[in-house]
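The data block below is upload25.tsv; it holds TSV, C-alpha atoms and all ligand atoms.
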```tsv
chain	number	residue	atom	x	y	z
A	1	MET	CA	48.94	0.91	27.98
A	2	LEU	CA	50.87	3.92	29.28
A	3	ILE	CA	48.70	6.16	31.46
A	4	LEU	CA	49.50	9.71	32.44
A	5	SER	CA	47.36	10.70	35.42
A	6	ILE	CA	46.76	14.17	36.79
A	7	GLU	CA	45.17	15.19	40.10
A	8	THR	CA	44.45	18.81	41.09
A	9	SER	CA	41.10	18.64	42.90
A	10	CYS	CA	42.20	20.22	46.16
A	11	ASP	CA	45.61	21.01	47.61
A	12	GLU	CA	47.88	18.35	46.11
A	13	THR	CA	49.32	18.66	42.63
A	14	ALA	CA	50.06	15.11	41.51
A	15	VAL	CA	51.19	13.51	38.26
A	16	SER	CA	51.98	9.83	37.62
A	17	LEU	CA	53.05	7.59	34.79
A	18	ILE	CA	51.71	4.10	35.11
A	19	ARG	CA	51.87	1.13	32.80
A	20	ALA	CA	48.70	-0.97	32.84
A	21	THR	CA	48.91	-4.50	31.49
A	22	GLY	CA	45.61	-6.28	30.94
A	23	ASP	CA	42.03	-5.11	31.28
A	24	PHE	CA	40.34	-3.59	34.31
A	25	PRO	CA	39.81	-4.99	36.96
A	26	ASN	CA	42.38	-7.75	36.31
A	27	ALA	CA	45.21	-5.54	35.12
A	28	THR	CA	48.58	-5.10	36.77
A	29	TYR	CA	49.87	-1.59	37.20
A	30	GLU	CA	53.52	-0.69	37.23
A	31	ILE	CA	54.10	2.72	38.80
A	32	LEU	CA	56.88	4.16	36.68
A	33	GLY	CA	56.86	7.67	38.09
A	34	ASN	CA	54.80	9.25	40.86
A	35	ALA	CA	55.23	12.94	41.69
A	36	LEU	CA	53.27	14.89	44.27
A	37	HIS	CA	53.53	18.43	45.51
A	38	SER	CA	51.55	19.33	48.60
A	39	GLN	CA	50.41	22.92	49.01
A	40	ILE	CA	49.89	22.50	52.74
A	41	ASP	CA	52.55	25.01	53.75
A	42	ILE	CA	50.83	27.73	51.74
A	43	HIS	CA	47.35	26.92	53.00
A	44	LYS	CA	48.58	26.76	56.59
A	45	GLU	CA	49.02	30.53	56.53
A	46	PHE	CA	45.33	30.96	55.77
A	47	GLY	CA	44.10	28.14	58.03
A	48	GLY	CA	42.38	26.38	55.11
A	49	VAL	CA	42.28	25.99	51.33
A	50	TYR	CA	41.16	28.97	49.26
A	51	PRO	CA	40.24	27.70	45.79
A	52	PHE	CA	41.99	30.52	43.92
A	53	VAL	CA	45.18	30.11	45.90
A	54	ALA	CA	45.06	26.36	45.15
A	55	LYS	CA	44.48	27.11	41.45
A	56	ARG	CA	47.49	29.42	41.26
A	57	GLU	CA	49.72	26.86	42.99
A	58	HIS	CA	48.58	24.02	40.70
A	59	ALA	CA	49.47	26.18	37.68
A	60	LYS	CA	52.96	26.64	39.11
A	61	ALA	CA	53.51	23.02	40.11
A	62	LEU	CA	52.06	21.00	37.22
A	63	VAL	CA	54.99	21.22	34.80
A	64	PRO	CA	57.60	20.47	37.51
A	65	MET	CA	55.48	17.46	38.61
A	66	LEU	CA	55.20	16.25	35.01
A	67	GLU	CA	58.95	16.59	34.61
A	68	SER	CA	59.63	14.80	37.86
A	69	ALA	CA	57.27	11.89	37.04
A	70	LEU	CA	58.85	11.55	33.58
A	71	LEU	CA	62.37	11.64	35.00
A	72	GLU	CA	61.58	8.96	37.55
A	73	SER	CA	60.03	6.86	34.76
A	74	GLU	CA	63.11	7.35	32.59
A	75	LEU	CA	60.70	8.43	29.88
A	76	LEU	CA	61.80	12.05	29.58
A	77	GLU	CA	63.23	12.48	26.11
A	78	ASN	CA	66.03	14.97	26.03
A	79	HIS	CA	65.23	16.67	22.71
A	80	PRO	CA	62.71	19.36	21.79
A	81	THR	CA	59.15	18.56	20.74
A	82	ASN	CA	58.31	19.42	17.19
A	83	LEU	CA	56.04	22.38	18.02
A	84	THR	CA	54.44	24.44	15.27
A	85	ASP	CA	53.33	28.03	15.81
A	86	ASN	CA	49.81	26.73	15.54
A	87	ASP	CA	50.49	24.27	18.41
A	88	LYS	CA	51.81	27.10	20.55
A	89	THR	CA	48.76	29.25	19.81
A	90	LYS	CA	46.46	26.36	20.68
A	91	ILE	CA	48.29	25.58	23.94
A	92	THR	CA	48.07	29.25	24.87
A	93	GLU	CA	44.35	29.23	24.11
A	94	ILE	CA	43.66	26.03	26.05
A	95	LEU	CA	45.57	27.31	29.09
A	96	SER	CA	44.47	30.95	28.81
A	97	ARG	CA	42.84	30.93	32.28
A	98	GLU	CA	45.71	29.18	34.05
A	99	GLU	CA	48.20	31.89	34.96
A	100	GLY	CA	51.65	31.20	33.52
A	101	LEU	CA	50.96	27.55	32.71
A	102	ALA	CA	51.03	27.90	28.91
A	103	ASP	CA	54.48	29.51	29.07
A	104	PHE	CA	55.77	26.84	31.48
A	105	LEU	CA	54.51	24.06	29.23
A	106	ILE	CA	55.80	25.57	25.99
A	107	SER	CA	59.26	26.15	27.53
A	108	PHE	CA	59.25	22.55	28.75
A	109	LEU	CA	58.28	21.23	25.31
A	110	GLU	CA	60.97	23.35	23.66
A	111	LYS	CA	63.48	21.40	25.71
A	112	TYR	CA	61.99	17.92	26.03
A	113	SER	CA	59.71	15.48	24.25
A	114	LEU	CA	56.95	13.38	25.74
A	115	PRO	CA	56.77	9.60	25.35
A	116	GLU	CA	53.89	7.87	23.58
A	117	ILE	CA	51.04	8.10	26.03
A	118	ASP	CA	47.92	6.00	25.44
A	119	LEU	CA	45.59	7.49	28.00
A	120	ILE	CA	45.45	10.64	30.09
A	121	ALA	CA	43.37	10.26	33.25
A	122	VAL	CA	42.50	13.60	34.81
A	123	THR	CA	40.34	14.30	37.85
A	124	ASN	CA	37.40	16.43	36.72
A	125	GLY	CA	35.37	16.19	39.93
A	126	PRO	CA	34.33	16.34	42.65
A	127	GLY	CA	36.57	19.01	44.13
A	128	LEU	CA	37.28	22.72	44.05
A	129	GLU	CA	36.21	23.79	40.59
A	130	PRO	CA	38.93	26.41	39.91
A	131	ALA	CA	41.54	23.86	41.01
A	132	LEU	CA	40.03	21.07	38.89
A	133	TRP	CA	40.07	23.26	35.79
A	134	VAL	CA	43.86	23.60	35.92
A	135	GLY	CA	44.30	19.82	35.64
A	136	VAL	CA	41.57	19.45	33.02
A	137	SER	CA	43.01	22.19	30.81
A	138	PHE	CA	46.52	20.80	31.24
A	139	ALA	CA	45.29	17.36	30.16
A	140	LYS	CA	43.76	18.90	27.03
A	141	ALA	CA	47.04	20.62	26.16
A	142	ILE	CA	48.99	17.38	26.62
A	143	ALA	CA	46.42	15.54	24.49
A	144	LEU	CA	46.95	18.07	21.74
A	145	ILE	CA	50.66	17.24	21.68
A	146	THR	CA	50.60	13.50	22.31
A	147	LYS	CA	47.26	12.65	20.62
A	148	ALA	CA	46.45	10.53	23.68
A	149	ARG	CA	42.85	9.83	24.62
A	150	VAL	CA	41.51	11.48	27.80
A	151	THR	CA	39.30	10.06	30.57
A	152	PRO	CA	37.66	12.64	32.84
A	153	THR	CA	38.03	10.80	36.13
A	154	ASN	CA	35.96	10.72	39.30
A	155	HIS	CA	38.07	11.50	42.36
A	156	MET	CA	35.89	9.35	44.64
A	157	GLU	CA	36.16	6.33	42.35
A	158	GLY	CA	39.90	6.92	42.66
A	159	HIS	CA	39.71	6.72	46.46
A	160	ILE	CA	37.74	3.46	46.28
A	161	LEU	CA	40.22	1.79	43.91
A	162	ALA	CA	43.23	3.12	45.85
A	163	SER	CA	42.02	1.14	48.86
A	164	LEU	CA	42.09	-2.07	46.83
A	165	PHE	CA	45.42	-1.49	45.17
A	166	ASP	CA	48.56	-3.41	46.05
A	167	VAL	CA	47.11	-4.70	49.32
A	168	GLU	CA	46.15	-8.29	48.58
A	169	VAL	CA	47.74	-8.74	45.17
A	170	ASP	CA	51.00	-6.96	44.31
A	171	ASN	CA	50.53	-4.07	41.87
A	172	ALA	CA	46.93	-5.07	41.20
A	173	LEU	CA	43.44	-4.60	42.56
A	174	ALA	CA	42.15	-7.07	45.14
A	175	PRO	CA	39.62	-9.53	43.66
A	176	ILE	CA	36.75	-8.49	45.90
A	177	LYS	CA	33.37	-10.10	46.47
A	178	PHE	CA	30.13	-8.20	45.86
A	179	PRO	CA	27.99	-6.64	47.18
A	180	ALA	CA	30.63	-4.32	48.54
A	181	LEU	CA	30.24	-1.18	50.59
A	182	SER	CA	32.57	1.81	50.40
A	183	LEU	CA	32.85	4.21	53.29
A	184	LEU	CA	34.43	7.32	51.82
A	185	ILE	CA	35.78	9.78	54.36
A	186	SER	CA	37.73	12.77	53.14
A	187	GLY	CA	37.99	16.53	53.51
A	188	GLY	CA	34.98	17.10	51.30
A	189	HIS	CA	32.97	13.87	51.54
A	190	THR	CA	31.44	11.37	53.91
A	191	GLU	CA	29.51	8.78	51.96
A	192	LEU	CA	28.39	5.19	52.03
A	193	ILE	CA	28.42	3.71	48.54
A	194	LEU	CA	26.86	0.37	47.67
A	195	MET	CA	28.69	-1.49	44.90
A	196	THR	CA	26.91	-4.39	43.24
A	197	ASP	CA	29.75	-4.88	40.76
A	198	TRP	CA	32.84	-3.09	39.48
A	199	GLY	CA	31.84	0.38	38.38
A	200	GLN	CA	28.30	0.07	39.78
A	201	TYR	CA	27.89	2.69	42.47
A	202	GLN	CA	24.83	3.67	44.47
A	203	LYS	CA	25.07	6.26	47.21
A	204	ILE	CA	23.02	5.07	50.19
A	205	GLY	CA	24.08	7.68	52.73
A	206	GLU	CA	26.07	10.86	53.12
A	207	THR	CA	26.72	13.71	55.48
A	208	ARG	CA	24.05	16.35	55.73
A	209	ASP	CA	26.56	19.03	56.66
A	210	ASP	CA	30.30	18.81	57.34
A	211	ALA	CA	32.48	16.01	56.00
A	212	VAL	CA	34.47	13.98	58.53
A	213	GLY	CA	37.82	15.41	57.41
A	214	GLU	CA	36.35	18.90	57.60
A	215	ALA	CA	35.21	18.19	61.18
A	216	PHE	CA	38.72	16.99	62.04
A	217	ASP	CA	40.24	20.11	60.51
A	218	LYS	CA	37.78	22.53	62.14
A	219	THR	CA	38.14	20.87	65.53
A	220	ALA	CA	41.91	21.11	65.20
A	221	ARG	CA	41.63	24.77	64.35
A	222	MET	CA	39.51	25.43	67.45
A	223	MET	CA	42.24	23.76	69.49
A	224	GLY	CA	44.82	26.06	67.91
A	225	LEU	CA	46.43	23.40	65.69
A	226	ASP	CA	47.68	24.03	62.16
A	227	TYR	CA	45.80	23.13	58.95
A	228	PRO	CA	45.14	20.31	58.11
A	229	GLY	CA	44.58	19.25	61.66
A	230	GLY	CA	43.35	15.69	60.99
A	231	PRO	CA	46.73	13.99	61.33
A	232	GLU	CA	47.65	15.92	64.47
A	233	ILE	CA	44.32	15.15	66.14
A	234	GLY	CA	45.11	11.50	65.44
A	235	THR	CA	48.55	11.74	67.00
A	236	ARG	CA	47.29	13.60	70.07
A	237	ALA	CA	44.36	11.24	70.56
A	238	ASN	CA	46.76	8.30	70.54
A	239	ILE	CA	48.86	9.93	73.26
A	240	ALA	CA	45.73	10.36	75.40
A	241	ARG	CA	44.84	6.70	74.87
A	242	MET	CA	48.30	5.41	75.60
A	243	ASN	CA	48.38	7.35	78.86
A	244	ASN	CA	44.82	6.46	79.77
A	245	LEU	CA	43.93	10.12	80.30
A	246	PRO	CA	40.37	10.90	81.42
A	247	ALA	CA	37.80	12.59	79.18
A	248	PHE	CA	38.33	16.31	78.84
A	249	LYS	CA	34.83	17.19	80.05
A	250	GLU	CA	31.45	15.54	79.51
A	251	LYS	CA	31.03	12.95	76.74
A	252	LEU	CA	30.68	14.47	73.28
A	253	PRO	CA	27.50	13.69	71.29
A	254	ARG	CA	27.27	10.91	68.66
A	255	PRO	CA	25.13	12.74	66.07
A	256	MET	CA	22.50	10.69	64.18
A	257	ILE	CA	23.88	7.44	65.55
A	258	ASN	CA	20.40	6.00	66.07
A	259	THR	CA	18.64	7.19	62.93
A	260	ASP	CA	17.34	4.54	60.53
A	261	ASP	CA	19.02	6.00	57.47
A	262	PHE	CA	22.69	5.91	56.50
A	263	ASP	CA	23.25	9.64	56.71
A	264	PHE	CA	25.70	11.48	58.94
A	265	SER	CA	25.99	14.90	60.55
A	266	PHE	CA	29.15	16.32	62.02
A	267	SER	CA	28.45	20.02	62.44
A	268	GLY	CA	26.76	19.45	65.83
A	269	LEU	CA	29.82	17.60	67.04
A	270	LYS	CA	31.98	20.52	65.98
A	271	THR	CA	29.68	22.92	67.91
A	272	ALA	CA	29.85	20.65	70.95
A	273	VAL	CA	33.66	20.80	70.81
A	274	LYS	CA	33.46	24.58	70.54
A	275	ASN	CA	31.19	24.80	73.58
A	276	THR	CA	33.40	22.43	75.53
A	277	ILE	CA	36.41	24.60	74.89
A	278	GLY	CA	34.48	27.79	75.69
A	279	THR	CA	36.89	30.57	76.57
A	280	ASN	CA	39.56	28.22	77.94
A	281	THR	CA	43.04	28.15	76.53
A	282	LEU	CA	43.79	24.44	76.44
A	283	THR	CA	46.96	22.98	77.87
A	284	ASP	CA	48.84	20.45	75.80
A	285	GLU	CA	47.39	17.58	77.78
A	286	GLU	CA	43.86	18.95	77.51
A	287	LYS	CA	44.27	19.11	73.75
A	288	ASN	CA	45.26	15.45	73.73
A	289	ARG	CA	42.23	14.49	75.83
A	290	LEU	CA	39.80	16.49	73.70
A	291	ALA	CA	41.33	15.08	70.50
A	292	ARG	CA	40.70	11.56	71.84
A	293	ASP	CA	37.10	12.39	72.86
A	294	PHE	CA	36.44	13.82	69.40
A	295	GLU	CA	37.98	10.86	67.58
A	296	ASP	CA	36.02	8.40	69.75
A	297	ALA	CA	32.76	10.14	68.84
A	298	VAL	CA	33.53	10.18	65.10
A	299	VAL	CA	34.66	6.58	64.90
A	300	GLU	CA	31.72	5.29	66.94
A	301	VAL	CA	29.22	6.97	64.60
A	302	LEU	CA	31.04	5.79	61.47
A	303	ILE	CA	31.21	2.19	62.68
A	304	SER	CA	27.62	2.10	63.84
A	305	LYS	CA	26.21	3.36	60.53
A	306	THR	CA	28.55	1.19	58.49
A	307	LYS	CA	27.54	-1.95	60.38
A	308	LYS	CA	23.87	-1.13	59.86
A	309	ALA	CA	24.48	-0.79	56.12
A	310	ILE	CA	26.45	-4.06	56.08
A	311	ASP	CA	23.54	-5.88	57.69
A	312	LYS	CA	20.85	-4.34	55.53
A	313	HIS	CA	22.63	-5.01	52.23
A	314	GLN	CA	24.31	-8.30	53.15
A	315	ILE	CA	27.69	-6.83	52.38
A	316	LYS	CA	30.64	-9.14	51.77
A	317	THR	CA	33.37	-6.52	51.39
A	318	LEU	CA	33.96	-3.23	53.18
A	319	ILE	CA	36.22	-0.67	51.50
A	320	ILE	CA	37.30	2.38	53.47
A	321	GLY	CA	38.85	5.22	51.49
A	322	GLY	CA	39.65	8.94	51.53
A	323	GLY	CA	42.14	10.98	53.55
A	324	VAL	CA	40.64	10.20	56.97
A	325	SER	CA	41.26	6.50	56.34
A	326	ALA	CA	44.90	7.29	57.19
A	327	ASN	CA	43.77	7.65	60.82
A	328	THR	CA	45.41	4.93	62.92
A	329	TYR	CA	42.69	4.57	65.54
A	330	LEU	CA	39.97	4.38	62.89
A	331	ARG	CA	41.87	1.71	60.97
A	332	HIS	CA	42.48	-0.32	64.09
A	333	THR	CA	38.95	0.02	65.47
A	334	PHE	CA	37.17	-0.86	62.23
A	335	THR	CA	39.37	-3.90	61.74
A	336	THR	CA	39.03	-5.28	65.26
A	337	GLN	CA	35.34	-4.50	65.72
A	338	LEU	CA	34.37	-5.96	62.38
A	339	LEU	CA	36.34	-9.07	63.18
A	340	ASP	CA	34.27	-9.36	66.37
A	341	THR	CA	30.84	-8.87	64.88
A	342	HIS	CA	31.16	-9.42	61.11
A	343	LYS	CA	34.07	-11.76	60.65
A	344	ASP	CA	32.91	-12.84	57.19
A	345	VAL	CA	33.17	-9.32	55.85
A	346	GLU	CA	36.55	-8.59	54.26
A	347	ILE	CA	37.84	-5.15	55.00
A	348	TYR	CA	40.14	-3.13	52.74
A	349	LEU	CA	42.06	-0.03	53.76
A	350	PRO	CA	44.44	1.88	51.51
A	351	LYS	CA	48.16	1.83	52.06
A	352	LYS	CA	48.93	4.96	54.04
A	353	ASN	CA	50.60	6.78	51.14
A	354	LEU	CA	47.54	6.18	48.99
A	355	SER	CA	45.01	7.30	51.64
A	356	THR	CA	45.26	11.01	50.99
A	357	ASP	CA	45.04	12.54	47.53
A	358	ASN	CA	47.46	11.22	44.92
A	359	SER	CA	47.53	10.54	41.20
A	360	VAL	CA	48.01	6.76	41.33
A	361	MET	CA	44.36	6.47	42.31
A	362	ILE	CA	43.40	8.64	39.34
A	363	ALA	CA	45.27	6.35	36.95
A	364	LEU	CA	43.33	3.38	38.39
A	365	ALA	CA	39.97	5.14	38.05
A	366	GLY	CA	40.90	6.41	34.59
A	367	HIS	CA	41.78	2.87	33.52
A	368	ALA	CA	38.46	1.62	34.95
A	369	GLN	CA	36.66	4.03	32.63
A	370	ALA	CA	39.08	3.78	29.71
A	371	LYS	CA	36.34	2.58	27.36
A	372	THR	CA	34.63	5.96	27.66
A	373	ALA	CA	37.82	7.96	27.01
A	374	ARG	CA	37.57	10.75	24.47
A	375	GLU	CA	39.76	10.91	21.42
A	376	ALA	CA	42.36	13.68	21.55
A	377	GLY	CA	40.44	15.64	18.91
A	378	ALA	CA	37.25	15.59	20.99
A	379	VAL	CA	38.42	16.75	24.39
A	380	ALA	CA	37.15	20.33	24.11
A	381	LEU	CA	33.86	19.40	25.74
A	382	ILE	CA	35.40	17.96	28.90
A	383	THR	CA	34.58	20.23	31.80
A	384	ALA	CA	35.47	20.37	35.49
A	385	SER	CA	32.54	19.42	37.66
A	386	GLY	CA	32.94	20.40	41.30
A	387	ASN	CA	29.87	18.45	42.42
A	388	ARG	CA	30.40	15.34	40.34
A	389	THR	CA	28.90	12.28	42.06
A	390	LEU	CA	29.59	8.60	41.70
B	1	LIG	O1	41.15	12.60	50.55
B	1	LIG	P1	41.89	13.78	51.04
B	1	LIG	O2	43.39	13.80	50.93
B	1	LIG	O3	41.39	15.08	50.31
B	1	LIG	C1	40.06	15.23	49.93
B	1	LIG	O4	39.66	14.61	48.92
B	1	LIG	O5	39.36	15.95	50.67
B	1	LIG	O6	41.45	14.01	52.56
B	1	LIG	C2	41.96	15.07	53.30
B	1	LIG	C3	41.37	15.02	54.69
B	1	LIG	C4	41.72	16.25	55.54
B	1	LIG	O7	40.54	16.71	56.14
B	1	LIG	C5	42.70	15.69	56.55
B	1	LIG	O8	42.68	16.38	57.79
B	1	LIG	C6	42.22	14.27	56.71
B	1	LIG	O9	41.88	13.88	55.40
B	1	LIG	N1	43.25	13.40	57.25
B	1	LIG	C7	43.16	12.78	58.46
B	1	LIG	C8	44.37	12.08	58.63
B	1	LIG	N2	45.15	12.27	57.53
B	1	LIG	C9	44.44	13.09	56.70
B	1	LIG	N3	42.19	12.79	59.38
B	1	LIG	C10	42.39	12.08	60.50
B	1	LIG	N4	43.51	11.37	60.76
B	1	LIG	C11	44.52	11.35	59.86
B	1	LIG	N5	45.63	10.64	60.11
B	2	ZN	ZN	40.45	13.00	48.21
```
How does this structure look as structure tokens?
Ligand code: KG4
Ligand code: ZN
Amino acid sequence: MLILSIETSCDETAVSLIRATGDFPNATYEILGNALHSQIDIHKEFGGVYPFVAKREHAKALVPMLESALLESELLENHPTNLTDNDKTKITEILSREEGLADFLISFLEKYSLPEIDLIAVTNGPGLEPALWVGVSFAKAIALITKARVTPTNHMEGHILASLFDVEVDNALAPIKFPALSLLISGGHTELILMTDWGQYQKIGETRDDAVGEAFDKTARMMGLDYPGGPEIGTRANIARMNNLPAFKEKLPRPMINTDDFDFSFSGLKTAVKNTIGTNTLTDEEKNRLARDFEDAVVEVLISKTKKAIDKHQIKTLIIGGGVSANTYLRHTFTTQLLDTHKDVEIYLPKKNLSTDNSVMIALAGHAQAKTAREAGAVALITASGNRTL
């Protein structure tokens, strides 16, 4: 089955072509083409992601990403698509809210043809709704031309499956044991998800305010670092650790670490960082020390709550996913600490290039839900859903 996957939930525009052989979860996936355009440079100017800026950039980048993924796959057919006037009118209608996209797509189709696609997997939530709509509408337009079925795909299911992909078995998902627990840590989410089987998700805890990635980014901003600050905090914290630098000031709080539930809160930590900085302009070394103190606090809370959930639910597999799972210290600390206290629990972390948003994970999640895909003629009702849950 040839899958075209599309991801536009936040600030990455990503398109992949993936060939799945076999049924989920035992399929193998050959990544034929994988294109990704990051909007970070644009959002840096504003210090964060504005949904309507993201939407405009997705509309610009989608056709080039489609072309690039097709080229890499060697599936781009160098002759025009047979487009009727009616097709063009319909494409224009479907993409009427996505500035310029209908014209880009029609020009592309007047030059090239698409291969036979079996399934289009498109992220329809959670995420920034205006950004999600661009991908969803684009998927509908491609379905009109290719007659492929469409799966509206959950971004968080994508993060979970990305962490299992190509780590234990080449080009396939790891054959995990249940019950499994997923710790999802991204720019918009911090959640603990209990999985009793493939596709069976139950949220047992979440943040009550900021997501972990958001806390990283806001802390970075307070220290005068560029958006998204998560990766740079990680780099600076590692420098402080390597050089054994002392804490910046007093120990930062570990919010909700002792509560009986599996919820989190990171806005108090962010305020504590703000108060610690006060009116000081931090030196480079002070930034490194504060980055380390912040990262220590975050990781300690995440590990403590995760271990509690592992014990309560007799978890056999821990899956960590989402952009913050790219963090080196977090990866190292979870792995070593779990080996100390829970050596029977298998831990899965995504390959670094699949930690942050990408479209490979959307193909995996789309394939997982392929049975519920809509026929090309019935895609009109698919909507973007910013608050979609697992
Ligand atoms: O999953 P993701 O790419 O997008 C969302 O779905 O939100 O996650 C992005 C988040 C950002 O907050 C970013 O700062 C954070 O992941 N992040 C990191 C690292 N790399 C990305 N945080 C800490 N350390 C990193 N190395
Ligand atoms: Zn994400």
Find the residues around Leu349 in chain A up to 9 Å (all atoms listed in the file counted), leave out those fewer than 2 positions away in its own chain, and share them as an mmCIF file with C-alpha atoms, keeping the file's coordinate frame.
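Output saved as result_7.cif:
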```cif
data_model
loop_
_atom_site.group_PDB
_atom_site.id
_atom_site.type_symbol
_atom_site.label_atom_id
_atom_site.label_comp_id
_atom_site.auth_asym_id
_atom_site.auth_seq_id
_atom_site.Cartn_x
_atom_site.Cartn_y
_atom_site.Cartn_z
ATOM 1 C CA ALA A 162 43.230 3.120 45.850
ATOM 2 C CA SER A 163 42.020 1.140 48.860
ATOM 3 C CA LEU A 164 42.090 -2.070 46.830
ATOM 4 C CA VAL A 167 47.110 -4.700 49.320
ATOM 5 C CA LEU A 318 33.960 -3.230 53.180
ATOM 6 C CA ILE A 319 36.220 -0.670 51.500
ATOM 7 C CA ILE A 320 37.300 2.380 53.470
ATOM 8 C CA GLY A 321 38.850 5.220 51.490
ATOM 9 C CA SER A 325 41.260 6.500 56.340
ATOM 10 C CA ALA A 326 44.900 7.290 57.190
ATOM 11 C CA ARG A 331 41.870 1.710 60.970
ATOM 12 C CA ILE A 347 37.840 -5.150 55.000
ATOM 13 C CA LYS A 351 48.160 1.830 52.060
ATOM 14 C CA LYS A 352 48.930 4.960 54.040
ATOM 15 C CA SER A 355 45.010 7.300 51.640
#
```
- Could you name the residues that touch range 71-81 of chain A at 12 Å or less, counting only C-alpha atoms, but leaving out those on the same chain fewer than 6 positions away, as an NGL selection string? :A and (2-4 or 15-19 or 30-35 or 64-65 or 87-88 or 105-117 or 142 or 145-146)
With 8 Å of padding per side, what axis-aligned box (centre and edge lengths, Å, one decimal) covers all the listed atoms of ligand LIG 1 (chain B)? Give it as JSON.
```
{"center_x": 42.5, "center_y": 13.7, "center_z": 54.8, "size_x": 22.3, "size_y": 22.1, "size_z": 27.8}
```
- Task: Rounded to one decimal place, report the atom C3 of ligand LIG 1 (chain B)-CA of Thr28 in chain A distance in Å.
- Result: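 Calculated distance between atom C3 of ligand LIG 1 (chain B) and CA of Thr28 in chain A is 27.9 Å.
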- Query: Taking (27.9, 11.0, 60.1) in the file's coordinates, which residues come within 6 Å, counting all atoms listed in the file, written as a PyMOL selection string?
  - Reply: chain A and resi 207+263-266
Residues of chain A at most 7 Å from ligand ZN 2 (chain B): nearest atom pair and distance in Å, only C-alpha atoms and all ligand atoms, as a tab-separated table:
```
residue	atom	partner	partner_atom	distance
A:His155	CA	B:ZN2	ZN	6.5
A:Met156	CA	B:ZN2	ZN	6.8
A:His159	CA	B:ZN2	ZN	6.6
A:Ser186	CA	B:ZN2	ZN	5.6
A:Gly187	CA	B:ZN2	ZN	6.8
A:Gly322	CA	B:ZN2	ZN	5.3
A:Gly323	CA	B:ZN2	ZN	6.0
A:Thr356	CA	B:ZN2	ZN	5.9
A:Asp357	CA	B:ZN2	ZN	4.7
```
- Could you please determine the separation between CA of Arg289 in chain A and CA of Asn244 in chain A in Å, to one decimal place?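 A separation of 9.3 Å between them.
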- All residues having an atom within 9 Å of ligand LIG 1 (chain B) (all atoms listed in the file) as a PyMOL selection string: chain A and resi 9-12+126-127+155-156+159+184-189+211-218+220+227-235+295+321-330+352+354-358
